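Next comes upload_36.pdb, a file with PDB, C-alpha atoms, pLDDT in the B column.
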```pdb
ATOM      1  CA  MET A   1      28.235  33.212  38.378  1.00 75.00           C
ATOM      2  CA  VAL A   2      30.430  30.270  37.464  1.00 83.00           C
ATOM      3  CA  ILE A   3      27.893  27.922  39.027  1.00 85.00           C
ATOM      4  CA  LEU A   4      25.190  29.181  36.671  1.00 82.00           C
ATOM      5  CA  TYR A   5      27.435  28.523  33.678  1.00 86.00           C
ATOM      6  CA  LEU A   6      28.212  25.043  34.973  1.00 90.00           C
ATOM      7  CA  LEU A   7      24.516  24.339  35.531  1.00 90.00           C
ATOM      8  CA  LEU A   8      23.684  25.456  31.997  1.00 89.00           C
ATOM      9  CA  VAL A   9      26.424  23.283  30.506  1.00 91.00           C
ATOM     10  CA  ALA A  10      25.269  20.318  32.612  1.00 95.00           C
ATOM     11  CA  TYR A  11      21.681  20.896  31.462  1.00 93.00           C
ATOM     12  CA  ILE A  12      22.684  21.094  27.803  1.00 93.00           C
ATOM     13  CA  LEU A  13      24.735  17.903  28.053  1.00 95.00           C
ATOM     14  CA  SER A  14      22.055  15.997  29.948  1.00 96.00           C
ATOM     15  CA  ILE A  15      19.166  16.953  27.653  1.00 95.00           C
ATOM     16  CA  ASN A  16      21.218  15.995  24.609  1.00 95.00           C
ATOM     17  CA  PHE A  17      22.175  12.661  26.179  1.00 96.00           C
ATOM     18  CA  TYR A  18      18.496  12.052  26.971  1.00 95.00           C
ATOM     19  CA  ALA A  19      17.583  12.917  23.376  1.00 94.00           C
ATOM     20  CA  TYR A  20      20.047  10.321  22.097  1.00 94.00           C
ATOM     21  CA  LEU A  21      18.701   7.669  24.466  1.00 94.00           C
ATOM     22  CA  LEU A  22      15.119   8.521  23.498  1.00 93.00           C
ATOM     23  CA  VAL A  23      15.729   8.180  19.760  1.00 91.00           C
ATOM     24  CA  LYS A  24      17.660   4.951  20.269  1.00 92.00           C
ATOM     25  CA  SER A  25      14.997   3.395  22.507  1.00 91.00           C
ATOM     26  CA  LEU A  26      12.144   4.383  20.190  1.00 89.00           C
ATOM     27  CA  ARG A  27      14.024   2.964  17.219  1.00 90.00           C
ATOM     28  CA  ASP A  28      14.737  -0.289  19.074  1.00 89.00           C
ATOM     29  CA  LYS A  29      11.082  -0.648  20.113  1.00 88.00           C
ATOM     30  CA  GLU A  30       9.956  -0.040  16.548  1.00 86.00           C
ATOM     31  CA  LYS A  31      12.409  -2.634  15.201  1.00 87.00           C
ATOM     32  CA  GLN A  32      11.322  -5.150  17.833  1.00 88.00           C
ATOM     33  CA  ALA A  33       7.641  -4.641  17.015  1.00 84.00           C
ATOM     34  CA  GLN A  34       8.407  -5.014  13.303  1.00 85.00           C
ATOM     35  CA  ALA A  35      10.358  -8.232  13.938  1.00 87.00           C
ATOM     36  CA  LEU A  36       7.493  -9.673  15.999  1.00 87.00           C
ATOM     37  CA  LYS A  37       5.023  -8.726  13.294  1.00 86.00           C
ATOM     38  CA  ASN A  38       7.192 -10.358  10.607  1.00 86.00           C
ATOM     39  CA  ALA A  39       7.604 -13.495  12.726  1.00 85.00           C
ATOM     40  CA  GLU A  40       3.858 -13.783  13.273  1.00 83.00           C
ATOM     41  CA  ASN A  41       3.173 -13.272   9.578  1.00 82.00           C
ATOM     42  CA  SER A  42       5.684 -15.939   8.603  1.00 81.00           C
ATOM     43  CA  THR A  43       4.264 -18.470  11.070  1.00 80.00           C
ATOM     44  CA  ILE A  44       0.732 -17.793   9.871  1.00 76.00           C
ATOM     45  CA  SER A  45       1.683 -18.155   6.215  1.00 69.00           C
ATOM     46  CA  THR A  46       3.663 -21.387   6.756  1.00 68.00           C
ATOM     47  CA  SER A  47       1.145 -23.092   9.042  1.00 61.00           C
ATOM     48  CA  GLN A  48      -0.884 -25.957   7.624  1.00 53.00           C
ATOM     49  CA  THR A  49      -4.059 -25.164   9.539  1.00 54.00           C
ATOM     50  CA  PRO A  50      -6.576 -22.725   8.103  1.00 53.00           C
ATOM     51  CA  VAL A  51      -6.435 -19.245   9.537  1.00 52.00           C
ATOM     52  CA  ASN A  52      -9.313 -18.397  11.830  1.00 54.00           C
ATOM     53  CA  THR A  53     -10.895 -15.014  11.095  1.00 50.00           C
ATOM     54  CA  THR A  54     -11.442 -14.237  14.760  1.00 51.00           C
ATOM     55  CA  SER A  55      -7.750 -14.694  15.545  1.00 48.00           C
ATOM     56  CA  THR A  56      -6.681 -12.233  12.829  1.00 49.00           C
ATOM     57  CA  ASN A  57      -8.987  -9.543  14.199  1.00 48.00           C
ATOM     58  CA  ALA A  58      -7.584  -9.835  17.718  1.00 46.00           C
ATOM     59  CA  PRO A  59      -4.730  -7.463  18.551  1.00 50.00           C
ATOM     60  CA  ASN A  60      -1.342  -9.125  18.684  1.00 52.00           C
ATOM     61  CA  ASN A  61       1.409  -8.665  21.270  1.00 51.00           C
ATOM     62  CA  ALA A  62       3.502  -6.500  18.955  1.00 47.00           C
ATOM     63  CA  SER A  63       0.738  -3.930  18.592  1.00 51.00           C
ATOM     64  CA  ASN A  64       0.060  -3.974  22.342  1.00 55.00           C
ATOM     65  CA  ASN A  65       3.692  -3.158  23.175  1.00 59.00           C
ATOM     66  CA  ALA A  66       4.183  -0.599  20.395  1.00 62.00           C
ATOM     67  CA  ILE A  67       3.964   3.095  21.210  1.00 66.00           C
ATOM     68  CA  PRO A  68       1.567   5.000  18.927  1.00 71.00           C
ATOM     69  CA  PRO A  69       3.408   7.192  16.390  1.00 68.00           C
ATOM     70  CA  GLU A  70       1.731  10.332  17.737  1.00 71.00           C
ATOM     71  CA  LYS A  71       3.251   9.796  21.187  1.00 79.00           C
ATOM     72  CA  GLN A  72       6.666   9.115  19.664  1.00 81.00           C
ATOM     73  CA  THR A  73       6.539  12.351  17.699  1.00 85.00           C
ATOM     74  CA  GLY A  74       5.280  14.253  20.736  1.00 87.00           C
ATOM     75  CA  LYS A  75       8.097  12.987  22.935  1.00 88.00           C
ATOM     76  CA  LEU A  76      10.656  13.917  20.310  1.00 89.00           C
ATOM     77  CA  CYS A  77       9.175  17.406  19.793  1.00 90.00           C
ATOM     78  CA  ILE A  78       9.110  18.174  23.529  1.00 92.00           C
ATOM     79  CA  THR A  79      12.675  16.960  23.955  1.00 92.00           C
ATOM     80  CA  GLY A  80      13.729  19.071  20.974  1.00 92.00           C
ATOM     81  CA  LEU A  81      12.001  22.100  22.438  1.00 93.00           C
ATOM     82  CA  LEU A  82      13.807  21.600  25.751  1.00 93.00           C
ATOM     83  CA  GLY A  83      17.182  21.700  24.009  1.00 92.00           C
ATOM     84  CA  GLY A  84      17.873  18.368  22.342  1.00 92.00           C
ATOM     85  CA  ALA A  85      16.792  19.214  18.801  1.00 93.00           C
ATOM     86  CA  ILE A  86      20.244  18.998  17.225  1.00 94.00           C
ATOM     87  CA  THR A  87      20.929  15.614  18.783  1.00 93.00           C
ATOM     88  CA  ILE A  88      17.533  14.286  17.682  1.00 92.00           C
ATOM     89  CA  TYR A  89      18.093  15.501  14.141  1.00 92.00           C
ATOM     90  CA  VAL A  90      21.578  13.982  13.921  1.00 93.00           C
ATOM     91  CA  CYS A  91      20.465  10.699  15.522  1.00 92.00           C
ATOM     92  CA  MET A  92      17.562  10.423  13.091  1.00 90.00           C
ATOM     93  CA  PHE A  93      20.100  10.155  10.289  1.00 90.00           C
ATOM     94  CA  LEU A  94      22.728   8.102  12.099  1.00 92.00           C
ATOM     95  CA  LEU A  95      20.223   5.565  13.424  1.00 88.00           C
ATOM     96  CA  LYS A  96      17.989   5.718  10.306  1.00 85.00           C
ATOM     97  CA  TYR A  97      14.853   6.471  12.312  1.00 85.00           C
ATOM     98  CA  LYS A  98      11.725   8.355  11.138  1.00 79.00           C
ATOM     99  CA  ARG A  99      13.421  10.184   8.287  1.00 81.00           C
ATOM    100  CA  THR A 100      10.129  10.236   6.391  1.00 81.00           C
ATOM    101  CA  ASP A 101       8.254  12.118   9.140  1.00 81.00           C
ATOM    102  CA  MET A 102       7.911  15.600   7.659  1.00 86.00           C
ATOM    103  CA  LEU A 103       7.104  17.287  10.984  1.00 86.00           C
ATOM    104  CA  LEU A 104      10.339  16.088  12.573  1.00 86.00           C
ATOM    105  CA  MET A 105      12.438  16.791   9.484  1.00 89.00           C
ATOM    106  CA  VAL A 106      11.264  20.418   9.375  1.00 92.00           C
ATOM    107  CA  LEU A 107      10.783  21.159  13.077  1.00 91.00           C
ATOM    108  CA  MET A 108      14.055  19.797  14.475  1.00 91.00           C
ATOM    109  CA  PRO A 109      16.411  22.067  12.447  1.00 93.00           C
ATOM    110  CA  ILE A 110      14.259  25.093  13.327  1.00 95.00           C
ATOM    111  CA  LEU A 111      14.287  24.156  17.008  1.00 94.00           C
ATOM    112  CA  GLY A 112      18.028  23.494  16.766  1.00 94.00           C
ATOM    113  CA  VAL A 113      18.696  27.018  15.524  1.00 95.00           C
ATOM    114  CA  LEU A 114      16.432  28.389  18.263  1.00 94.00           C
ATOM    115  CA  ASN A 115      18.252  26.302  20.894  1.00 93.00           C
ATOM    116  CA  ILE A 116      21.675  27.546  19.794  1.00 93.00           C
ATOM    117  CA  TYR A 117      20.440  31.143  19.697  1.00 92.00           C
ATOM    118  CA  LEU A 118      19.080  30.878  23.253  1.00 89.00           C
ATOM    119  CA  TRP A 119      22.243  29.196  24.551  1.00 89.00           C
ATOM    120  CA  VAL A 120      24.446  31.925  23.041  1.00 89.00           C
ATOM    121  CA  LEU A 121      22.093  34.579  24.407  1.00 87.00           C
ATOM    122  CA  LEU A 122      22.308  33.068  27.902  1.00 84.00           C
ATOM    123  CA  PHE A 123      26.086  32.812  27.827  1.00 83.00           C
ATOM    124  CA  LYS A 124      26.652  36.325  26.443  1.00 85.00           C
ATOM    125  CA  SER A 125      24.177  38.014  28.764  1.00 82.00           C
ATOM    126  CA  GLY A 126      25.883  36.571  31.803  1.00 76.00           C
ATOM    127  CA  PHE A 127      22.488  35.621  33.232  1.00 72.00           C
ATOM    128  CA  GLY A 128      21.878  39.294  34.006  1.00 70.00           C
ATOM    129  CA  PHE A 129      18.138  38.856  33.811  1.00 68.00           C
ATOM    130  CA  LEU A 130      18.274  36.436  36.781  1.00 66.00           C
ATOM    131  CA  LEU A 131      20.024  38.836  39.140  1.00 65.00           C
ATOM    132  CA  ILE A 132      17.938  40.972  41.497  1.00 64.00           C
ATOM    133  CA  ARG A 133      19.307  44.484  41.813  1.00 59.00           C
TER     134      ARG A 133
END
```
Could I get this file's structure written as structure tokens?
Amino acid sequence: MVILYLLLVAYILSINFYAYLLVKSLRDKEKQAQALKNAENSTISTSQTPVNTTSTNAPNNASNNAIPPEKQTGKLCITGLLGGAITIYVCMFLLKYKRTDMLLMVLMPILGVLNIYLWVLLFKSGFGFLLIR
């Protein structure tokens, strides 16, 4: 029985650590893409040669490397559903990442309450539903 408790604690810690790493990596990728975009805009505006219309329509490297916002939100929602909702919500404020995304701002606290409820339920039940009698 102790092993099941240890496995649950290890799972909770690992999913929350993964949630932190996910938010941090997505924020860093977004900042890097924004910096590349700003650098390209500044070099285009300061260049002496006229801007070619075909070159502005071509996708740049920053947009090729950037993850679409839908995939970012999906990754965060799945991780929150698996148990990392509280960490995602806290990291969104600490790292100043996607605080304007209404889905994440509403869904993560709800999933956090659900996660805590399920963790307490698992610990109090003693994993009785897993035992074969």
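Atom pair atom CA of A:Ile86 / atom CA of A:Leu111: separated by 7.9 Å.
Reported to one decimal place, the separation of atom CA of A:Trp119 from atom CA of A:Glu70 is 28.7 Å.
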Inset, instruction - Measure the distance from atom CA of A:Tyr5 to atom CA of A:Lys124 in Å and round it to one decimal. - result: 10.7 Å
Legend entry - Distance criterion (all atoms listed in the file): nearest to A:Met1 out of A:Ser125, A:Leu114, A:Glu40, A:Cys91: A:Ser125
Inset, instruction - Pull the neighbourhood of (20.1, 33.4, 33.5) for me: all residues within 12 Å in file coordinates, counting all atoms listed in the file, as a ChimeraX atom specification. - result: /A:1-8,118-132
Inset, instruction - Go through A:Asn115, A:Met105, A:Leu94, A:Thr100 and flag the residue nearest A:Val23, using only C-alpha atoms for the distances. - result: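 The shortest atom-to-atom distance to A:Val23 comes from A:Leu94.
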So what does the PyMOL selection byres ((chain A and resi 112) around 12) actually pick up in this one, as a PDB file with C-alpha atoms, keeping the file's coordinate frame?
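Writing the result to expr_36.pdb gives the following:
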```pdb
ATOM      1  CA  ASN A  16      21.218  15.995  24.609  1.00 95.00           C
ATOM      2  CA  CYS A  77       9.175  17.406  19.793  1.00 90.00           C
ATOM      3  CA  THR A  79      12.675  16.960  23.955  1.00 92.00           C
ATOM      4  CA  GLY A  80      13.729  19.071  20.974  1.00 92.00           C
ATOM      5  CA  LEU A  81      12.001  22.100  22.438  1.00 93.00           C
ATOM      6  CA  LEU A  82      13.807  21.600  25.751  1.00 93.00           C
ATOM      7  CA  GLY A  83      17.182  21.700  24.009  1.00 92.00           C
ATOM      8  CA  GLY A  84      17.873  18.368  22.342  1.00 92.00           C
ATOM      9  CA  ALA A  85      16.792  19.214  18.801  1.00 93.00           C
ATOM     10  CA  ILE A  86      20.244  18.998  17.225  1.00 94.00           C
ATOM     11  CA  THR A  87      20.929  15.614  18.783  1.00 93.00           C
ATOM     12  CA  ILE A  88      17.533  14.286  17.682  1.00 92.00           C
ATOM     13  CA  TYR A  89      18.093  15.501  14.141  1.00 92.00           C
ATOM     14  CA  VAL A  90      21.578  13.982  13.921  1.00 93.00           C
ATOM     15  CA  LEU A 104      10.339  16.088  12.573  1.00 86.00           C
ATOM     16  CA  MET A 105      12.438  16.791   9.484  1.00 89.00           C
ATOM     17  CA  VAL A 106      11.264  20.418   9.375  1.00 92.00           C
ATOM     18  CA  LEU A 107      10.783  21.159  13.077  1.00 91.00           C
ATOM     19  CA  MET A 108      14.055  19.797  14.475  1.00 91.00           C
ATOM     20  CA  PRO A 109      16.411  22.067  12.447  1.00 93.00           C
ATOM     21  CA  ILE A 110      14.259  25.093  13.327  1.00 95.00           C
ATOM     22  CA  LEU A 111      14.287  24.156  17.008  1.00 94.00           C
ATOM     23  CA  VAL A 113      18.696  27.018  15.524  1.00 95.00           C
ATOM     24  CA  LEU A 114      16.432  28.389  18.263  1.00 94.00           C
ATOM     25  CA  ASN A 115      18.252  26.302  20.894  1.00 93.00           C
ATOM     26  CA  ILE A 116      21.675  27.546  19.794  1.00 93.00           C
ATOM     27  CA  TYR A 117      20.440  31.143  19.697  1.00 92.00           C
ATOM     28  CA  LEU A 118      19.080  30.878  23.253  1.00 89.00           C
ATOM     29  CA  TRP A 119      22.243  29.196  24.551  1.00 89.00           C
TER      30      TRP A 119
END
```
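For the residues A:Asn41, A:Lys96, A:Lys75, A:Leu103, ranking by smallest atom-to-atom distance to A:Ala19 using only C-alpha atoms places A:Lys75 first.
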Stretch 73-79 of chain A, all listed atoms, 6 Å padding on each side: what axis-aligned box centre and edge lengths in Å to one decimal come out, as AutoDock Vina command-line options?
```
--center_x 9.0 --center_y 15.3 --center_z 20.8 --size_x 19.4 --size_y 17.8 --size_z 18.3
```
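Evaluated on this file, the PyMOL selection byres ((chain A and resi 98) around 10) matches A:Val23, A:Leu26, A:Arg27, A:Pro69, A:Gln72, A:Thr73, A:Met92, A:Phe93, A:Leu95, A:Lys96, A:Tyr97, A:Arg99, A:Thr100, A:Asp101, A:Met102, A:Leu104, A:Met105.
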